[in-house]
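Written below as structure tokens is the structure these notes are about.
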Amino acid sequence: MDQTVNLGSLTLANPIITASGTFGYGLEFMRYGDLSKLGALCLKGISLAPREGNPMPRIAETPCGMLNAIGLQNVGVEKFLKEKLPYIPAGATLIANLYAQTPEDFGELAAIFAGQDKISALEINISCPNVREGGVQFGQDPLMAAEVVGAVKKRAGAKPVIVKLSPNVTDVRVIARAAVDAGADMLSLINTLSGMAVDIRTRKSRLANVVGGLSGPAIKPVALRMVHQVAQAVNVPVIGMGGITCAEDVLEFILVGAHAVQVGTLNFMRPDNAFRLVEEVRALAESLGIGSWDEYRGTLKV
Amino acid sequence: MNMNNNVCQDLTVLSCRPTGDPSLVNLVLSSPGWTCRPGQFVMLRPSGWGPELIWPRPFSVCDVSEDGLRILFQVVGRGTRRLAALAPGDTVAVWGPLGRWFRIDEDRPNLILAGGVGIAPFVMLARRDRTDNLSMLFGHRLGLEHYPYGEIAARIESEAMQQKTPADIADFEKVLAGRIEALAGKGQVLACGPEPMLKVVRKYCLQFGTDGQISLENRMSCGVGACLGCVAKTISGDFVQSCVHGPVFDVRDIELGA
């Protein structure tokens with residue numbers, strides 16, 4: 001079966017994308033697999049200036065999941081372009097993940113990446129629950145979300161723009177429609193669910209940031225429901241994510257309407273998991289007699 | 001044996017037995033086909049773990065040879081309890097060797113400061129050809145017979161101190177301080193143990209100007225530098241991943257949590 005996925009102007013060899021913040025800059029995983037075999041890589045979120053991130057502890061394991069409050073630690077765009085991007089092998093499909101605290105800075109970042117040939121698309125992070133300014137603030141207000149998307153689209157040139165949505169809202173379709181109306185070429189969802197873990201003996205949160213973002217299989221039913229809702233509400237490609245750990249999970253997201261998926265926490269469970277998943281999805285689709293992803297997508301019987 | 005073949009592979013459990021005390025377990029896996037340096041670590045995740053336990057677990061390599069990969073671990077939580085229940089024939093995903101190791105100064109004395117299960121990485125170190133420039137001070141809570149102390153003491157000059165009471169801990173700190181002071185400008189210490197011990201080691205190394213390396217045990221989820229969960233704070237204020245920039249750091253380069 002041909003695994004190709006068409007996301008508007010962006011064509012992927014297969015539907016598996018590694019999620020931002022879980023796959024570094026790809027370089028960290030080169031010894032575990034061939035990056036060009038992945039559908040695409042969403043790179044670690046990048047801001048104009050370097051960010052040191054949140055204090056430790058930043059991560060906690062929870063039943064069927066984990067919490068993180070990294071706080072978008074990153075080297076900044078200048079250092080990324082000089083010290084990371086040149087070393088990512090050609091052949092890998094790269095999606096830059098952008099984070100800023102103002103629409104102007106989002107636009108500035110978009111303009112920088114618009115001129116980078118190695119970057120195939122931009123993903124805007126308006127859904128990080130672990131930073132004080134920007135982040136999920138933009139993702140919880142349709143007007144602000146639209147403003148950010150507009151600022152990025154204006155300066156993104158020919159690069160397709162993906163808007164990454166937060167599940168921490170009353171109705172995800174409202175933000176989804178606002179992002180699409182403002183020019184989003186695609187949507188990706190869900191980012192992590194805001195959560196906590198505490199220690200009854202020390203009476204402290206397990207995260208120095210007190211709250212963090214929950215990911216992993218624990219959130220998959222929530223993600224599946226939201227992807228299903230959004231895929232019906234908009235007419236742009238939707239990239240589904242949230243707790244995917246196996247080929248069956250990937251097909252579930254495609255069944256409810258996703259064009260492609262992202263895998264995140266799975267990369268921590270074993271560093272070659274994303275590479276293995278590409279093959280497992282191919283084998284499963286073939287065993288089910290699926291002719292193409294277009295034929296299977298969104299065919300949930302309701 | 002390859003030095004740098006750090007791919008991910010499935011190894012078979014050869015044995016998994018408490019050392020005598022149920023909280024300390026010796027796990028031996030089939031040979032990974034590589035060797036490594038003392039202080040390097042591996043990530044382990046048993047194939048039988050379902051989604052209820054997400055993360056692999058990081059462990060120092062206790063020893064590795066064609067006979068197998070040996071891990072010594074302490075049962076402290078959900079993950080290590082499940083690991084202790086492994087049986088011969090089970091498979092475990094293993095990736096490594098990872099991280100930076102203890103660097104021996106061949107021209108000066110090297111004093112190992114090991115605390116409890118932190119003795120693990122020094123088992124393979126004690127097997128090296130030259131041992132006349134090594135010695136060890138070992139602090140322990142359980143009976144000495146539960147630790148691989150004898151294996152090390154057979155090869156290098158070693159001394160053990162048991163800590164059962166706060167007074168014992170205070171005595172141990174006094175001895176540590178004295179040993180670290182005696183090495184100022186003359187040698188270095190190599191430390192692995194619980195964080196309170198590492199803080200004491202760091203304090204005296206800085207106070208007396210003694211060279212030292214310490215191995216951190218930060219909470220870690222990927223082991224390959226991606227999750228940014230295991231970062232250590234450098235003295236210049238940067239957060240660096242202890243899985244790739246450590247776990248062994250120069251004592252002067254990093255801060256330890258309050």
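By convention in this document, the chains of the structure tokens carry letters A, B, ... by their order, each chain's residues are numbered from 1, and ligands are numbered from 1 in the order they are shown.
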
Compile the residues of chain B that lie within 6 Å of chain A, evaluated using only C-alpha atoms, and express the compilation as a compact mmCIF listing (two decimals) with N, CA and C atoms, in the first residue's frame.
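Contents of iface.txt, as written:
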```txt
# COMPACT_ATOMS: atom_id res chain seq x y z
N VAL B 7 22.90 1.12 20.00
CA VAL B 7 21.58 1.01 19.42
C VAL B 7 20.62 0.45 20.47
N PRO B 51 1.12 0.02 28.91
CA PRO B 51 1.11 1.48 28.98
C PRO B 51 1.07 2.03 30.40
N GLU B 52 0.84 1.16 31.40
CA GLU B 52 0.70 1.69 32.76
C GLU B 52 2.01 2.25 33.30
N TRP B 55 7.75 5.14 31.33
CA TRP B 55 9.19 5.41 31.15
C TRP B 55 10.05 4.17 31.28
N PRO B 56 11.13 4.15 30.51
CA PRO B 56 12.20 3.21 30.81
C PRO B 56 12.89 3.69 32.09
N SER B 221 13.44 10.62 31.47
CA SER B 221 12.47 9.80 30.74
C SER B 221 12.97 9.23 29.44
N CYS B 222 13.92 9.88 28.74
CA CYS B 222 14.30 9.29 27.44
C CYS B 222 15.73 8.75 27.41
N ALA B 226 16.46 14.18 24.66
CA ALA B 226 15.32 14.80 23.99
C ALA B 226 14.29 15.41 24.94
N CYS B 227 14.06 14.78 26.09
CA CYS B 227 12.89 15.21 26.89
C CYS B 227 13.18 16.46 27.71
N GLY B 229 14.01 16.63 30.66
CA GLY B 229 13.49 16.44 32.01
C GLY B 229 14.59 16.24 33.04
```

> Any idea what's packed within 12 Å of B:Glu106, counting only C-alpha atoms, ignoring anything in its chain fewer than 3 positions away? Could you give it as a list in words?
Replying inline: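 Those residues are Arg103, Pro109, Asn110, Asp129, Arg130, Thr131, Asp132, Asn133, Leu134, Gly187 and Gln188 of chain B.
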
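Coordinates place atom CA of A:Leu193 at a distance of 26.3 Å from atom CA of A:Ala49.
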
> Quick one: DSSP strand (DSSP E) residues in stretch 99-133 of chain A, as an MDAnalysis selection string?
Replying inline: chainID A and resid 119:125

Skip A:Gln3 itself and residues of its chain fewer than 6 positions away, then list as a PDB file with N, CA and C atoms, in the first residue's frame all residues within 10 Å of it, counting only C-alpha atoms.
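For reference, out-v8.pdb as written:
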```pdb
ATOM      1  N   LEU A  12       3.663  13.909   2.581  1.00  0.00           N
ATOM      2  CA  LEU A  12       4.497  13.095   3.468  1.00  0.00           C
ATOM      3  C   LEU A  12       4.542  11.662   2.947  1.00  0.00           C
ATOM      4  N   ALA A  13       5.685  11.018   3.176  1.00  0.00           N
ATOM      5  CA  ALA A  13       5.853   9.635   2.707  1.00  0.00           C
ATOM      6  C   ALA A  13       4.969   8.663   3.475  1.00  0.00           C
ATOM      7  N   ASN A  14       4.595   9.039   4.693  1.00  0.00           N
ATOM      8  CA  ASN A  14       3.713   8.208   5.517  1.00  0.00           C
ATOM      9  C   ASN A  14       3.110   9.095   6.597  1.00  0.00           C
ATOM     10  N   PRO A  15       2.108   8.606   7.327  1.00  0.00           N
ATOM     11  CA  PRO A  15       1.392   9.508   8.259  1.00  0.00           C
ATOM     12  C   PRO A  15       2.046   9.722   9.620  1.00  0.00           C
ATOM     13  N   ILE A  16       3.259   9.190   9.828  1.00  0.00           N
ATOM     14  CA  ILE A  16       3.863   9.275  11.172  1.00  0.00           C
ATOM     15  C   ILE A  16       4.792  10.490  11.301  1.00  0.00           C
ATOM     16  N   GLY A  39       7.435  10.151   8.417  1.00  0.00           N
ATOM     17  CA  GLY A  39       6.627  11.068   7.630  1.00  0.00           C
ATOM     18  C   GLY A  39       7.184  12.472   7.735  1.00  0.00           C
ATOM     19  N   VAL A 278       6.231   3.185  11.813  1.00  0.00           N
ATOM     20  CA  VAL A 278       6.005   3.370  10.371  1.00  0.00           C
ATOM     21  C   VAL A 278       5.765   2.012   9.708  1.00  0.00           C
ATOM     22  N   VAL A 281       2.432   0.277  11.007  1.00  0.00           N
ATOM     23  CA  VAL A 281       1.218   0.866  10.428  1.00  0.00           C
ATOM     24  C   VAL A 281       1.026   0.342   9.002  1.00  0.00           C
ATOM     25  N   ARG A 282       2.123   0.289   8.258  1.00  0.00           N
ATOM     26  CA  ARG A 282       2.030  -0.242   6.890  1.00  0.00           C
ATOM     27  C   ARG A 282       1.483  -1.678   6.918  1.00  0.00           C
ATOM     28  N   ALA A 285      -2.272  -1.756   7.962  1.00  0.00           N
ATOM     29  CA  ALA A 285      -3.165  -1.248   6.906  1.00  0.00           C
ATOM     30  C   ALA A 285      -3.316  -2.294   5.808  1.00  0.00           C
ATOM     31  N   GLY A 291      -6.806   0.317   0.868  1.00  0.00           N
ATOM     32  CA  GLY A 291      -6.149   0.636  -0.397  1.00  0.00           C
ATOM     33  C   GLY A 291      -5.368   1.928  -0.363  1.00  0.00           C
ATOM     34  N   SER A 292      -5.899   2.924   0.318  1.00  0.00           N
ATOM     35  CA  SER A 292      -5.199   4.207   0.459  1.00  0.00           C
ATOM     36  C   SER A 292      -5.731   4.900   1.701  1.00  0.00           C
ATOM     37  N   TRP A 293      -4.986   5.879   2.194  1.00  0.00           N
ATOM     38  CA  TRP A 293      -5.453   6.594   3.390  1.00  0.00           C
ATOM     39  C   TRP A 293      -6.692   7.421   3.068  1.00  0.00           C
TER      40      TRP A 293
END
```

> Near stretch 90-95 of chain B, counting only C-alpha atoms, which residues have an atom at most 12 Å away, once you skip same-chain residues fewer than 4 positions from it, shown as a ChimeraX atom specification?
Replying inline: /A:29,31-32,268-273 /B:4-16,27-34,40-49,55-59,61,69,71,83-86,99,222-224

Please produce a file of those selected residues containing C-alpha atoms, as an mmCIF file, in the first residue's frame.
```
data_model
loop_
_atom_site.group_PDB
_atom_site.id
_atom_site.type_symbol
_atom_site.label_atom_id
_atom_site.label_comp_id
_atom_site.auth_asym_id
_atom_site.auth_seq_id
_atom_site.Cartn_x
_atom_site.Cartn_y
_atom_site.Cartn_z
ATOM 1 C CA PHE A 29 17.681 9.910 17.391
ATOM 2 C CA ARG A 31 21.594 6.380 15.738
ATOM 3 C CA TYR A 32 18.241 4.700 16.322
ATOM 4 C CA PHE A 268 10.530 8.187 25.385
ATOM 5 C CA MET A 269 9.400 4.593 25.826
ATOM 6 C CA ARG A 270 12.004 3.402 23.343
ATOM 7 C CA PRO A 271 14.030 5.651 21.008
ATOM 8 C CA ASP A 272 13.389 3.627 17.844
ATOM 9 C CA ASN A 273 9.617 3.402 18.395
ATOM 10 C CA ASN B 4 30.078 2.645 20.618
ATOM 11 C CA ASN B 5 27.364 0.396 19.314
ATOM 12 C CA ASN B 6 24.637 2.136 21.277
ATOM 13 C CA VAL B 7 21.578 1.012 19.417
ATOM 14 C CA CYS B 8 18.379 -0.225 20.983
ATOM 15 C CA GLN B 9 18.109 -3.960 21.418
ATOM 16 C CA ASP B 10 16.087 -6.619 23.215
ATOM 17 C CA LEU B 11 18.145 -8.553 25.756
ATOM 18 C CA THR B 12 17.102 -11.657 27.663
ATOM 19 C CA VAL B 13 17.035 -11.854 31.451
ATOM 20 C CA LEU B 14 19.590 -14.445 32.586
ATOM 21 C CA SER B 15 18.923 -13.926 36.289
ATOM 22 C CA CYS B 16 17.188 -11.470 38.585
ATOM 23 C CA LEU B 27 19.888 -8.235 37.333
ATOM 24 C CA VAL B 28 21.914 -10.000 34.662
ATOM 25 C CA LEU B 29 20.907 -9.643 31.016
ATOM 26 C CA SER B 30 22.330 -11.391 27.969
ATOM 27 C CA SER B 31 25.438 -9.778 26.514
ATOM 28 C CA PRO B 32 24.671 -6.562 24.606
ATOM 29 C CA GLY B 33 27.706 -7.006 22.335
ATOM 30 C CA TRP B 34 29.307 -3.784 23.493
ATOM 31 C CA GLN B 40 28.054 5.144 31.783
ATOM 32 C CA PHE B 41 24.466 3.967 31.964
ATOM 33 C CA VAL B 42 21.725 2.155 30.086
ATOM 34 C CA MET B 43 17.981 2.655 29.774
ATOM 35 C CA LEU B 44 15.882 -0.453 30.481
ATOM 36 C CA ARG B 45 12.246 -1.108 29.684
ATOM 37 C CA PRO B 46 10.930 -4.651 29.943
ATOM 38 C CA SER B 47 8.941 -5.773 26.888
ATOM 39 C CA GLY B 48 6.178 -6.908 29.235
ATOM 40 C CA TRP B 49 5.477 -3.405 30.514
ATOM 41 C CA TRP B 55 9.185 5.412 31.150
ATOM 42 C CA PRO B 56 12.204 3.206 30.812
ATOM 43 C CA ARG B 57 14.510 3.309 33.856
ATOM 44 C CA PRO B 58 18.136 4.487 33.850
ATOM 45 C CA PHE B 59 20.847 2.419 35.594
ATOM 46 C CA VAL B 61 26.298 -0.373 34.232
ATOM 47 C CA LEU B 69 25.162 -7.019 31.273
ATOM 48 C CA ILE B 71 22.812 -4.115 36.792
ATOM 49 C CA LEU B 83 11.856 -4.794 37.497
ATOM 50 C CA ALA B 84 12.584 -6.914 40.565
ATOM 51 C CA ALA B 85 9.842 -9.305 39.419
ATOM 52 C CA LEU B 86 11.623 -10.090 36.118
ATOM 53 C CA GLY B 99 26.484 9.434 28.856
ATOM 54 C CA CYS B 222 14.298 9.289 27.439
ATOM 55 C CA GLY B 223 18.040 8.938 28.125
ATOM 56 C CA VAL B 224 18.983 10.392 24.757
#
```

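Across the model, the gap from atom CA of B:Pro22 to atom CA of B:Phe102 is 29.0 Å.
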
>> Neighbouring residues of A:Ile88 were defined as those with any atom within 12 Å, considering only C-alpha atoms; residues of the same chain fewer than 2 positions away were excluded. Please report them as number ranges by chain.
In response: A: 24-30, 34-36, 41, 43, 80-86, 90-94, 118-119

> Which residues come within 7 Å of stretch 107-109 of chain A, counting only C-alpha atoms, excluding same-chain residues fewer than 4 positions away, as a list in words?
Replying inline: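 Listed by chain and then number, they are Leu48, Leu98, Pro103, Phe113, Ala151, Val152 and Arg155 of chain A.
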
>> Using DSSP assignments from the backbone, pull out every residue in stretch 14-256 of chain B that falls under helix (DSSP H, G or I) and give it to me as a VMD selection string.
In response: chain B and resid 78 to 84 116 to 119 121 to 125 144 to 146 149 to 153 166 to 182 195 to 208

> Using only C-alpha atoms, which of the listed residues (B:Met124, B:Ile180, B:Ile104, B:Leu113) sits closest to B:Lys203?
Replying inline: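 Result for the nearest residue to B:Lys203: B:Ile180.
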